[in-house]
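Chemist: First the structure, then my questions, so here it is.
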Amino acid sequence: MNTIIAQNNAIITEWITPGSRVLDLGCGDGTLLSNLIKHKQVHGIGVEIAEEKIIACLKKGISVYQADIDQGLSNFDDLNFDYVILNATLQVIHKPYKVIEEMLRVGRFAIISISNFGYISNRLRVLCTGRVSDHIRLTGGWHDTPVIRFVSLEEFSSSLETMGIAVMDARFFLPLGRITKHPLFKDLLVKEALFKLRRN
Amino acid sequence: MHVHLVETHILHSDRPFKLESGDTLPCLDIAYETYGNLSPKGDNAILIEHALSGDAHAAFYHAGDKKPGWWDPMIGPGKAFDTNKYFVICTNVLGGCKGTTGPASLNPATGIPYGLAFPPISIRDMVDVQRTLLTQLGIDKLQTIAGGSMGGMQTLQFFCDYSRMAASFICIASALKHSAQQIAFHEVGRRAIMADPRWNEGRYYNDIPPEAGLSVARMIGHITYLSEKLMQEKFGRARKTRHAPNIFRPSFEIEHYLDYQGIAFVRRFDANSYLYITNAIDNFDLITSVSGTGRTRGEGRARGEIEEMRSKKGLVITFTSDWLYPPSQGREIVKFFSALNVRTSYTEIASEHGHDSFLTNTSTQSELIKGFLDSL
């Protein structure tokens, strides 16, 4: 998981234009934002709910806003940002459609990462064991895991279509650490995906 | 353990001091305390701003006292405002009654206390007085300005008026301006004072002061400083008195608590100061004051100062159970400063102590402030 986050961060850093205004939803301890500030001189703000992560961000000198993303981004004006990032966070969101709409209200582009629930080893694991294992949930048991959204690549893509959102760029993570722009049998073989999106 | 002692100093200035109202004070006393040492370069100063009933005694002990200053858990060696690193200054506000000129001070024109002859004051006047002190102390750079409640208002006003001086601000449990509800609570307090016959149009300094009125004002204040939940947990319906309940005597614990707070307050606070300071708070409106036509007088009011704020840093702290200065008002502050390109962070501390949290919930505040100051 950590290597995927590091790879995500590298791709996001590559995508973002120097000097942009960036909002990072679920920014954690501010690792991605400090990368972006260092390498792309962005003006960045993080949104985070956990107190200890807020403190970690402040220590790094990162501006951070304590809020529950599910409550919306009402304190941020329309198109205040160039990029709004939702990295390794979608799986804990209660109202994904609302959050994605809000991202493209306050920002010109949205960057979203997803974990493909339709990935072949997830399918086999459920088929063979009859259980949604801890491996799929990432953390905790069924009753207390914060990971509540299991979405397949195919479902996510059709949601984007429904919402009138266009994919500008995408990267797909395959087994053995391979990353590609154009995967074969993607619904089966992609573990994680990263999208750069805008309104149609 | 080593006890840190401190004294309140008074700076006297014989230069006439012009107020925002256009009135002039012929001379000025400014009470202040300092903690830690000013660096040789003079670049490690922090200004602390107190709330309505506070004073210059923010930390450490006065000789012989059992209790330290009002924000002692936050100021000292190794604490949030680390006096091993920073030179911390706190002043008593203009209009106050703890050493700085206020309605209880002698009016040089008459030789008796000002009373209602004291001119109306504003939050901007308060920070101008602090600016006068800093100039006298040879300080023209501040690492940060910090304060809660009315102290948060002064913090924001100082940061806007003298943005060239300050690298950052920390505004706690405060607002850009008072809401109708906040003004309403203040007005009830003022009416209680003015309805007390001993108030006597502010002329009581040779007599018994309007203790009944002032203590009622304080009781109302205390209700607004606590959360409903905390009040219930702390007092519930418990009774204190051993006598049979009597409607003419307090019997519930909460009644005794408020009674005690009221009486303790009249011993240390001047009723006219309460009227003048609450009036200054109610009239505070940061957005109007920094963008209005009134921004022509004196240094720091030029439009260019707004540019000075760009890329500076702010930290806004609110408390979940604070219904007097609710988190929504903190978010308004963030919105205002973000629009001016101040890199403003916002936190909402989970606390059950209501508005008082900024004085009582010092552990989380300390962590946040330490992190913020470390990155400056």
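Residues in the structure tokens are numbered from 1 in each chain, the chains being A, B, ... in the order shown, and ligands are numbered from 1 in the order shown.
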With only C-alpha atoms considered, list every residue of chain B at most 6 Å from chain A, as a list in words.

Modeler: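 Interface list for chain B against chain A: Ser345, Tyr346, Thr347, Leu368, Gly371, Phe372 and Ser375 of chain B.
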
Chemist: Could those residues be written to a file, using C-alpha atoms, as a PDB file, in the first residue's frame?

Modeler:
```pdb
ATOM      1  CA  SER B 345      -4.979  27.172   8.999  1.00  0.00           C
ATOM      2  CA  TYR B 346      -8.147  26.237  10.842  1.00  0.00           C
ATOM      3  CA  THR B 347      -8.721  23.819  13.676  1.00  0.00           C
ATOM      4  CA  LEU B 368      -1.157  23.086  17.719  1.00  0.00           C
ATOM      5  CA  GLY B 371       3.682  23.056  15.670  1.00  0.00           C
ATOM      6  CA  PHE B 372       2.599  26.347  14.105  1.00  0.00           C
ATOM      7  CA  SER B 375       7.309  26.183  11.189  1.00  0.00           C
TER       8      SER B 375
END
```

Chemist: For range 172-175 of chain A, please output as an MDAnalysis selection string all residues within 8 Å (counting only C-alpha atoms; exclusion window: fewer than 2 positions along the same chain).

Modeler: chainID A and resid 170 177:183 189:194

Chemist: Which residue, A:Gly28, A:Gly72, A:Gly130, A:Gly118, has the smallest gap to Glu102 in chain A when you use only C-alpha atoms?

Modeler: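 Distance minimum relative to Glu102 in chain A lands on A:Gly72.
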
Chemist: Find the residues near Ser174 in chain B: any atom within 6 Å, counting only C-alpha atoms, skip ones fewer than 2 places away on the same chain, and give them as an NGL selection string.

Modeler: :B and (149 or 152 or 172 or 325)

Chemist: What would the file look like if the residues just selected were written as a PDB file, in the first residue's frame with N, CA and C atoms?

Modeler:
```pdb
ATOM      1  N   SER B 149     -10.961  35.141  22.300  1.00  0.00           N
ATOM      2  CA  SER B 149     -12.139  35.965  22.552  1.00  0.00           C
ATOM      3  C   SER B 149     -11.849  37.419  22.141  1.00  0.00           C
ATOM      4  N   GLY B 152      -8.652  37.725  20.598  1.00  0.00           N
ATOM      5  CA  GLY B 152      -8.589  37.331  19.191  1.00  0.00           C
ATOM      6  C   GLY B 152      -8.920  38.501  18.276  1.00  0.00           C
ATOM      7  N   ILE B 172      -7.991  32.802  18.555  1.00  0.00           N
ATOM      8  CA  ILE B 172      -8.654  31.687  19.232  1.00  0.00           C
ATOM      9  C   ILE B 172     -10.062  32.087  19.684  1.00  0.00           C
ATOM     10  N   TYR B 325     -18.848  31.928  20.830  1.00  0.00           N
ATOM     11  CA  TYR B 325     -18.091  32.211  19.603  1.00  0.00           C
ATOM     12  C   TYR B 325     -17.981  30.897  18.831  1.00  0.00           C
TER      13      TYR B 325
END
```

Chemist: Give the helix (DSSP H, G or I) residues of range 87-226 of chain B, as DSSP finds them on the backbone, and put them as a PDB file with N, CA and C atoms, in the first residue's frame.

Modeler:
```pdb
ATOM      1  N   GLY B 115     -14.621  58.512  34.967  1.00  0.00           N
ATOM      2  CA  GLY B 115     -16.009  58.070  34.892  1.00  0.00           C
ATOM      3  C   GLY B 115     -16.487  58.156  33.453  1.00  0.00           C
ATOM      4  N   LEU B 116     -17.681  58.698  33.254  1.00  0.00           N
ATOM      5  CA  LEU B 116     -18.237  58.751  31.893  1.00  0.00           C
ATOM      6  C   LEU B 116     -17.620  59.853  31.039  1.00  0.00           C
ATOM      7  N   ALA B 117     -16.723  60.672  31.631  1.00  0.00           N
ATOM      8  CA  ALA B 117     -15.979  61.635  30.804  1.00  0.00           C
ATOM      9  C   ALA B 117     -14.917  60.923  29.972  1.00  0.00           C
ATOM     10  N   ILE B 123     -11.467  48.628  19.557  1.00  0.00           N
ATOM     11  CA  ILE B 123     -10.422  47.590  19.529  1.00  0.00           C
ATOM     12  C   ILE B 123      -9.171  48.152  18.831  1.00  0.00           C
ATOM     13  N   ARG B 124      -9.382  48.976  17.798  1.00  0.00           N
ATOM     14  CA  ARG B 124      -8.235  49.580  17.111  1.00  0.00           C
ATOM     15  C   ARG B 124      -7.440  50.489  18.055  1.00  0.00           C
ATOM     16  N   ASP B 125      -8.147  51.251  18.925  1.00  0.00           N
ATOM     17  CA  ASP B 125      -7.439  52.083  19.912  1.00  0.00           C
ATOM     18  C   ASP B 125      -6.587  51.206  20.835  1.00  0.00           C
ATOM     19  N   MET B 126      -7.148  50.048  21.228  1.00  0.00           N
ATOM     20  CA  MET B 126      -6.405  49.147  22.119  1.00  0.00           C
ATOM     21  C   MET B 126      -5.084  48.718  21.476  1.00  0.00           C
ATOM     22  N   VAL B 127      -5.138  48.345  20.186  1.00  0.00           N
ATOM     23  CA  VAL B 127      -3.896  47.878  19.560  1.00  0.00           C
ATOM     24  C   VAL B 127      -2.949  49.046  19.271  1.00  0.00           C
ATOM     25  N   ASP B 128      -3.505  50.229  19.065  1.00  0.00           N
ATOM     26  CA  ASP B 128      -2.632  51.402  18.890  1.00  0.00           C
ATOM     27  C   ASP B 128      -1.830  51.670  20.161  1.00  0.00           C
ATOM     28  N   VAL B 129      -2.479  51.470  21.310  1.00  0.00           N
ATOM     29  CA  VAL B 129      -1.775  51.638  22.588  1.00  0.00           C
ATOM     30  C   VAL B 129      -0.640  50.610  22.693  1.00  0.00           C
ATOM     31  N   GLN B 130      -0.929  49.385  22.271  1.00  0.00           N
ATOM     32  CA  GLN B 130       0.113  48.339  22.317  1.00  0.00           C
ATOM     33  C   GLN B 130       1.264  48.688  21.386  1.00  0.00           C
ATOM     34  N   ARG B 131       0.921  49.241  20.246  1.00  0.00           N
ATOM     35  CA  ARG B 131       1.943  49.660  19.290  1.00  0.00           C
ATOM     36  C   ARG B 131       2.856  50.723  19.922  1.00  0.00           C
ATOM     37  N   THR B 132       2.239  51.656  20.675  1.00  0.00           N
ATOM     38  CA  THR B 132       3.008  52.689  21.374  1.00  0.00           C
ATOM     39  C   THR B 132       4.004  52.053  22.337  1.00  0.00           C
ATOM     40  N   LEU B 133       3.539  51.052  23.080  1.00  0.00           N
ATOM     41  CA  LEU B 133       4.426  50.365  24.026  1.00  0.00           C
ATOM     42  C   LEU B 133       5.568  49.664  23.295  1.00  0.00           C
ATOM     43  N   LEU B 134       5.238  48.929  22.225  1.00  0.00           N
ATOM     44  CA  LEU B 134       6.268  48.185  21.487  1.00  0.00           C
ATOM     45  C   LEU B 134       7.334  49.136  20.959  1.00  0.00           C
ATOM     46  N   THR B 135       6.905  50.295  20.472  1.00  0.00           N
ATOM     47  CA  THR B 135       7.866  51.286  19.980  1.00  0.00           C
ATOM     48  C   THR B 135       8.808  51.706  21.110  1.00  0.00           C
ATOM     49  N   GLN B 136       8.228  51.953  22.282  1.00  0.00           N
ATOM     50  CA  GLN B 136       9.045  52.331  23.441  1.00  0.00           C
ATOM     51  C   GLN B 136      10.020  51.222  23.821  1.00  0.00           C
ATOM     52  N   MET B 150     -12.036  38.404  23.034  1.00  0.00           N
ATOM     53  CA  MET B 150     -11.681  39.777  22.660  1.00  0.00           C
ATOM     54  C   MET B 150     -10.201  39.866  22.298  1.00  0.00           C
ATOM     55  N   GLY B 151      -9.377  39.008  22.914  1.00  0.00           N
ATOM     56  CA  GLY B 151      -7.953  38.969  22.565  1.00  0.00           C
ATOM     57  C   GLY B 151      -7.757  38.568  21.111  1.00  0.00           C
ATOM     58  N   GLY B 152      -8.652  37.725  20.598  1.00  0.00           N
ATOM     59  CA  GLY B 152      -8.589  37.331  19.191  1.00  0.00           C
ATOM     60  C   GLY B 152      -8.920  38.501  18.276  1.00  0.00           C
ATOM     61  N   MET B 153      -9.857  39.357  18.723  1.00  0.00           N
ATOM     62  CA  MET B 153     -10.213  40.544  17.927  1.00  0.00           C
ATOM     63  C   MET B 153      -9.019  41.503  17.845  1.00  0.00           C
ATOM     64  N   GLN B 154      -8.376  41.736  18.991  1.00  0.00           N
ATOM     65  CA  GLN B 154      -7.190  42.602  18.980  1.00  0.00           C
ATOM     66  C   GLN B 154      -6.101  42.012  18.095  1.00  0.00           C
ATOM     67  N   THR B 155      -5.962  40.674  18.176  1.00  0.00           N
ATOM     68  CA  THR B 155      -4.967  39.974  17.361  1.00  0.00           C
ATOM     69  C   THR B 155      -5.177  40.275  15.880  1.00  0.00           C
ATOM     70  N   LEU B 156      -6.417  40.135  15.422  1.00  0.00           N
ATOM     71  CA  LEU B 156      -6.714  40.352  14.008  1.00  0.00           C
ATOM     72  C   LEU B 156      -6.536  41.818  13.634  1.00  0.00           C
ATOM     73  N   GLN B 157      -6.997  42.716  14.517  1.00  0.00           N
ATOM     74  CA  GLN B 157      -6.873  44.148  14.231  1.00  0.00           C
ATOM     75  C   GLN B 157      -5.397  44.558  14.145  1.00  0.00           C
ATOM     76  N   PHE B 158      -4.603  44.062  15.081  1.00  0.00           N
ATOM     77  CA  PHE B 158      -3.176  44.387  15.071  1.00  0.00           C
ATOM     78  C   PHE B 158      -2.528  43.848  13.802  1.00  0.00           C
ATOM     79  N   PHE B 159      -2.854  42.615  13.464  1.00  0.00           N
ATOM     80  CA  PHE B 159      -2.256  41.982  12.281  1.00  0.00           C
ATOM     81  C   PHE B 159      -2.601  42.772  11.015  1.00  0.00           C
ATOM     82  N   CYS B 160      -3.832  43.268  10.935  1.00  0.00           N
ATOM     83  CA  CYS B 160      -4.244  44.024   9.747  1.00  0.00           C
ATOM     84  C   CYS B 160      -3.652  45.436   9.751  1.00  0.00           C
ATOM     85  N   ASP B 161      -3.686  46.116  10.898  1.00  0.00           N
ATOM     86  CA  ASP B 161      -3.231  47.505  10.943  1.00  0.00           C
ATOM     87  C   ASP B 161      -1.707  47.617  10.850  1.00  0.00           C
ATOM     88  N   ALA B 180     -25.864  39.353  16.556  1.00  0.00           N
ATOM     89  CA  ALA B 180     -26.932  39.952  17.366  1.00  0.00           C
ATOM     90  C   ALA B 180     -26.989  39.302  18.750  1.00  0.00           C
ATOM     91  N   GLN B 181     -26.821  37.981  18.795  1.00  0.00           N
ATOM     92  CA  GLN B 181     -26.890  37.286  20.085  1.00  0.00           C
ATOM     93  C   GLN B 181     -25.762  37.724  21.019  1.00  0.00           C
ATOM     94  N   GLN B 182     -24.575  37.874  20.458  1.00  0.00           N
ATOM     95  CA  GLN B 182     -23.424  38.282  21.282  1.00  0.00           C
ATOM     96  C   GLN B 182     -23.622  39.702  21.824  1.00  0.00           C
ATOM     97  N   ILE B 183     -24.123  40.589  20.967  1.00  0.00           N
ATOM     98  CA  ILE B 183     -24.407  41.957  21.417  1.00  0.00           C
ATOM     99  C   ILE B 183     -25.487  41.925  22.500  1.00  0.00           C
ATOM    100  N   ALA B 184     -26.489  41.071  22.292  1.00  0.00           N
ATOM    101  CA  ALA B 184     -27.611  41.002  23.228  1.00  0.00           C
ATOM    102  C   ALA B 184     -27.140  40.611  24.638  1.00  0.00           C
ATOM    103  N   PHE B 185     -26.290  39.604  24.735  1.00  0.00           N
ATOM    104  CA  PHE B 185     -25.788  39.198  26.053  1.00  0.00           C
ATOM    105  C   PHE B 185     -25.024  40.347  26.715  1.00  0.00           C
ATOM    106  N   HIS B 186     -24.207  41.049  25.936  1.00  0.00           N
ATOM    107  CA  HIS B 186     -23.468  42.191  26.489  1.00  0.00           C
ATOM    108  C   HIS B 186     -24.409  43.280  26.987  1.00  0.00           C
ATOM    109  N   GLU B 187     -25.461  43.514  26.197  1.00  0.00           N
ATOM    110  CA  GLU B 187     -26.377  44.598  26.556  1.00  0.00           C
ATOM    111  C   GLU B 187     -27.085  44.296  27.879  1.00  0.00           C
ATOM    112  N   VAL B 188     -27.445  43.038  28.096  1.00  0.00           N
ATOM    113  CA  VAL B 188     -28.083  42.682  29.368  1.00  0.00           C
ATOM    114  C   VAL B 188     -27.111  42.969  30.530  1.00  0.00           C
ATOM    115  N   GLY B 189     -25.847  42.644  30.313  1.00  0.00           N
ATOM    116  CA  GLY B 189     -24.847  42.929  31.343  1.00  0.00           C
ATOM    117  C   GLY B 189     -24.719  44.416  31.622  1.00  0.00           C
ATOM    118  N   ARG B 190     -24.680  45.199  30.561  1.00  0.00           N
ATOM    119  CA  ARG B 190     -24.563  46.658  30.732  1.00  0.00           C
ATOM    120  C   ARG B 190     -25.787  47.216  31.446  1.00  0.00           C
ATOM    121  N   ARG B 191     -26.976  46.731  31.050  1.00  0.00           N
ATOM    122  CA  ARG B 191     -28.206  47.222  31.682  1.00  0.00           C
ATOM    123  C   ARG B 191     -28.219  46.900  33.172  1.00  0.00           C
ATOM    124  N   ALA B 192     -27.702  45.705  33.514  1.00  0.00           N
ATOM    125  CA  ALA B 192     -27.668  45.330  34.933  1.00  0.00           C
ATOM    126  C   ALA B 192     -26.827  46.342  35.719  1.00  0.00           C
ATOM    127  N   ILE B 193     -25.690  46.748  35.152  1.00  0.00           N
ATOM    128  CA  ILE B 193     -24.822  47.731  35.826  1.00  0.00           C
ATOM    129  C   ILE B 193     -25.532  49.075  35.932  1.00  0.00           C
ATOM    130  N   MET B 194     -26.099  49.526  34.818  1.00  0.00           N
ATOM    131  CA  MET B 194     -26.685  50.872  34.796  1.00  0.00           C
ATOM    132  C   MET B 194     -27.974  50.951  35.611  1.00  0.00           C
ATOM    133  N   ALA B 195     -28.624  49.791  35.827  1.00  0.00           N
ATOM    134  CA  ALA B 195     -29.850  49.785  36.631  1.00  0.00           C
ATOM    135  C   ALA B 195     -29.537  49.800  38.135  1.00  0.00           C
ATOM    136  N   PRO B 197     -28.576  51.494  41.324  1.00  0.00           N
ATOM    137  CA  PRO B 197     -28.536  52.916  41.712  1.00  0.00           C
ATOM    138  C   PRO B 197     -27.131  53.373  42.111  1.00  0.00           C
ATOM    139  N   ARG B 198     -26.325  52.453  42.597  1.00  0.00           N
ATOM    140  CA  ARG B 198     -24.967  52.835  42.989  1.00  0.00           C
ATOM    141  C   ARG B 198     -24.085  53.198  41.793  1.00  0.00           C
ATOM    142  N   TRP B 199     -24.523  52.819  40.618  1.00  0.00           N
ATOM    143  CA  TRP B 199     -23.736  53.179  39.422  1.00  0.00           C
ATOM    144  C   TRP B 199     -23.699  54.703  39.289  1.00  0.00           C
ATOM    145  N   ASN B 200     -24.843  55.365  39.507  1.00  0.00           N
ATOM    146  CA  ASN B 200     -24.881  56.825  39.631  1.00  0.00           C
ATOM    147  C   ASN B 200     -24.215  57.527  38.446  1.00  0.00           C
ATOM    148  N   GLU B 201     -24.621  57.147  37.227  1.00  0.00           N
ATOM    149  CA  GLU B 201     -24.047  57.750  36.010  1.00  0.00           C
ATOM    150  C   GLU B 201     -22.518  57.644  36.006  1.00  0.00           C
ATOM    151  N   GLY B 202     -22.009  56.576  36.552  1.00  0.00           N
ATOM    152  CA  GLY B 202     -20.564  56.348  36.509  1.00  0.00           C
ATOM    153  C   GLY B 202     -19.776  57.050  37.600  1.00  0.00           C
ATOM    154  N   GLU B 211     -21.884  47.091  42.843  1.00  0.00           N
ATOM    155  CA  GLU B 211     -21.476  45.677  42.934  1.00  0.00           C
ATOM    156  C   GLU B 211     -22.573  44.730  42.482  1.00  0.00           C
ATOM    157  N   ALA B 212     -23.809  45.052  42.856  1.00  0.00           N
ATOM    158  CA  ALA B 212     -24.917  44.151  42.494  1.00  0.00           C
ATOM    159  C   ALA B 212     -25.041  44.062  40.976  1.00  0.00           C
ATOM    160  N   GLY B 213     -24.996  45.212  40.321  1.00  0.00           N
ATOM    161  CA  GLY B 213     -25.143  45.238  38.867  1.00  0.00           C
ATOM    162  C   GLY B 213     -23.990  44.539  38.174  1.00  0.00           C
ATOM    163  N   LEU B 214     -22.771  44.852  38.603  1.00  0.00           N
ATOM    164  CA  LEU B 214     -21.600  44.257  37.961  1.00  0.00           C
ATOM    165  C   LEU B 214     -21.573  42.741  38.163  1.00  0.00           C
ATOM    166  N   SER B 215     -21.985  42.281  39.347  1.00  0.00           N
ATOM    167  CA  SER B 215     -21.933  40.837  39.561  1.00  0.00           C
ATOM    168  C   SER B 215     -23.000  40.121  38.719  1.00  0.00           C
ATOM    169  N   VAL B 216     -24.141  40.760  38.501  1.00  0.00           N
ATOM    170  CA  VAL B 216     -25.134  40.152  37.602  1.00  0.00           C
ATOM    171  C   VAL B 216     -24.574  40.071  36.175  1.00  0.00           C
ATOM    172  N   ALA B 217     -23.891  41.152  35.750  1.00  0.00           N
ATOM    173  CA  ALA B 217     -23.276  41.143  34.415  1.00  0.00           C
ATOM    174  C   ALA B 217     -22.300  39.975  34.287  1.00  0.00           C
ATOM    175  N   ARG B 218     -21.520  39.759  35.340  1.00  0.00           N
ATOM    176  CA  ARG B 218     -20.541  38.684  35.324  1.00  0.00           C
ATOM    177  C   ARG B 218     -21.220  37.307  35.319  1.00  0.00           C
ATOM    178  N   MET B 219     -22.332  37.212  36.068  1.00  0.00           N
ATOM    179  CA  MET B 219     -23.061  35.932  36.106  1.00  0.00           C
ATOM    180  C   MET B 219     -23.565  35.564  34.710  1.00  0.00           C
ATOM    181  N   ILE B 220     -24.116  36.546  34.012  1.00  0.00           N
ATOM    182  CA  ILE B 220     -24.581  36.293  32.640  1.00  0.00           C
ATOM    183  C   ILE B 220     -23.406  35.842  31.781  1.00  0.00           C
ATOM    184  N   GLY B 221     -22.286  36.566  31.947  1.00  0.00           N
ATOM    185  CA  GLY B 221     -21.086  36.200  31.195  1.00  0.00           C
ATOM    186  C   GLY B 221     -20.718  34.745  31.431  1.00  0.00           C
ATOM    187  N   HIS B 222     -20.685  34.341  32.697  1.00  0.00           N
ATOM    188  CA  HIS B 222     -20.273  32.973  33.012  1.00  0.00           C
ATOM    189  C   HIS B 222     -21.190  31.919  32.420  1.00  0.00           C
ATOM    190  N   ILE B 223     -22.481  32.230  32.341  1.00  0.00           N
ATOM    191  CA  ILE B 223     -23.402  31.277  31.708  1.00  0.00           C
ATOM    192  C   ILE B 223     -22.999  31.078  30.248  1.00  0.00           C
ATOM    193  N   THR B 224     -22.634  32.175  29.586  1.00  0.00           N
ATOM    194  CA  THR B 224     -22.292  32.070  28.158  1.00  0.00           C
ATOM    195  C   THR B 224     -20.912  31.445  27.939  1.00  0.00           C
ATOM    196  N   TYR B 225     -20.071  31.428  28.971  1.00  0.00           N
ATOM    197  CA  TYR B 225     -18.722  30.871  28.798  1.00  0.00           C
ATOM    198  C   TYR B 225     -18.699  29.349  28.940  1.00  0.00           C
TER     199      TYR B 225
END
```

Chemist: What's the 10 Å shell around His4 in chain B, counting only C-alpha atoms, without same-chain residues fewer than 5 positions away, as a count of residues only?

Modeler: 9

Chemist: Find the spatial neighbours of Met168 in chain A, counting only C-alpha atoms, within a cut-off of 12 Å - ignore same-chain residues fewer than 3 positions away - and output them as JSON, numbers by chain.

Modeler: {"A": [15, 108, 109, 110, 111, 112, 160, 165, 171, 181, 194, 195, 196, 197, 198, 199, 200]}

Chemist: For Asp70 in chain A, which of A:Ile100, A:Leu33, A:Val151, A:Val84 is the closest residue, counting only C-alpha atoms?

Modeler: A:Ile100

Chemist: Could you pull the residues within 12 Å of Val132 in chain A, counting only C-alpha atoms, minus those fewer than 4 positions along the same chain, as a ChimeraX atom specification?

Modeler: /A:117,121-128,136-143,145,147-148,150

Chemist: So, with only C-alpha atoms as the atoms that count, which of B:Phe358, B:Phe17, B:Phe169, B:Phe336 lies closest to Met74 in chain B?

Modeler: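 Looking only at the distances to Met74 in chain B, the closest residue turns out to be B:Phe358.
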
Chemist: From a backbone DSSP assignment, name each residue in range 78-322 of chain B labelled strand (DSSP E or B), as an NGL selection string.

Modeler: :B and (81-82 or 87-91 or 106 or 113 or 142 or 144-148 or 166 or 168-172 or 177 or 239 or 252 or 285 or 313-319)

Chemist: To one decimal in Å, tell me the separation between CA of Ile48 in chain B and CA of Trp71 in chain B.

Modeler: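 Value for the CA of Ile48 in chain B-CA of Trp71 in chain B distance: 9.5 Å.
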
Chemist: Could you work out how far CA of Ser366 in chain B lies from CA of Gly26 in chain A, giving the answer in Å with one decimal?

Modeler: 23.3 Å

Chemist: Which of these residues is nearest to Gly22 in chain B, using only C-alpha atoms: B:Ser122, B:Thr318, B:Ser163, B:Thr144?

Modeler: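 The closest residue to Gly22 in chain B is B:Ser122.
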
Chemist: List the neighbours of Asp23 in chain B out to 12 Å using only C-alpha atoms; skip same-chain residues closer than 2 positions along the sequence, and give me the result as number ranges by chain.

Modeler: B: 16-21, 25-26, 117-122, 125
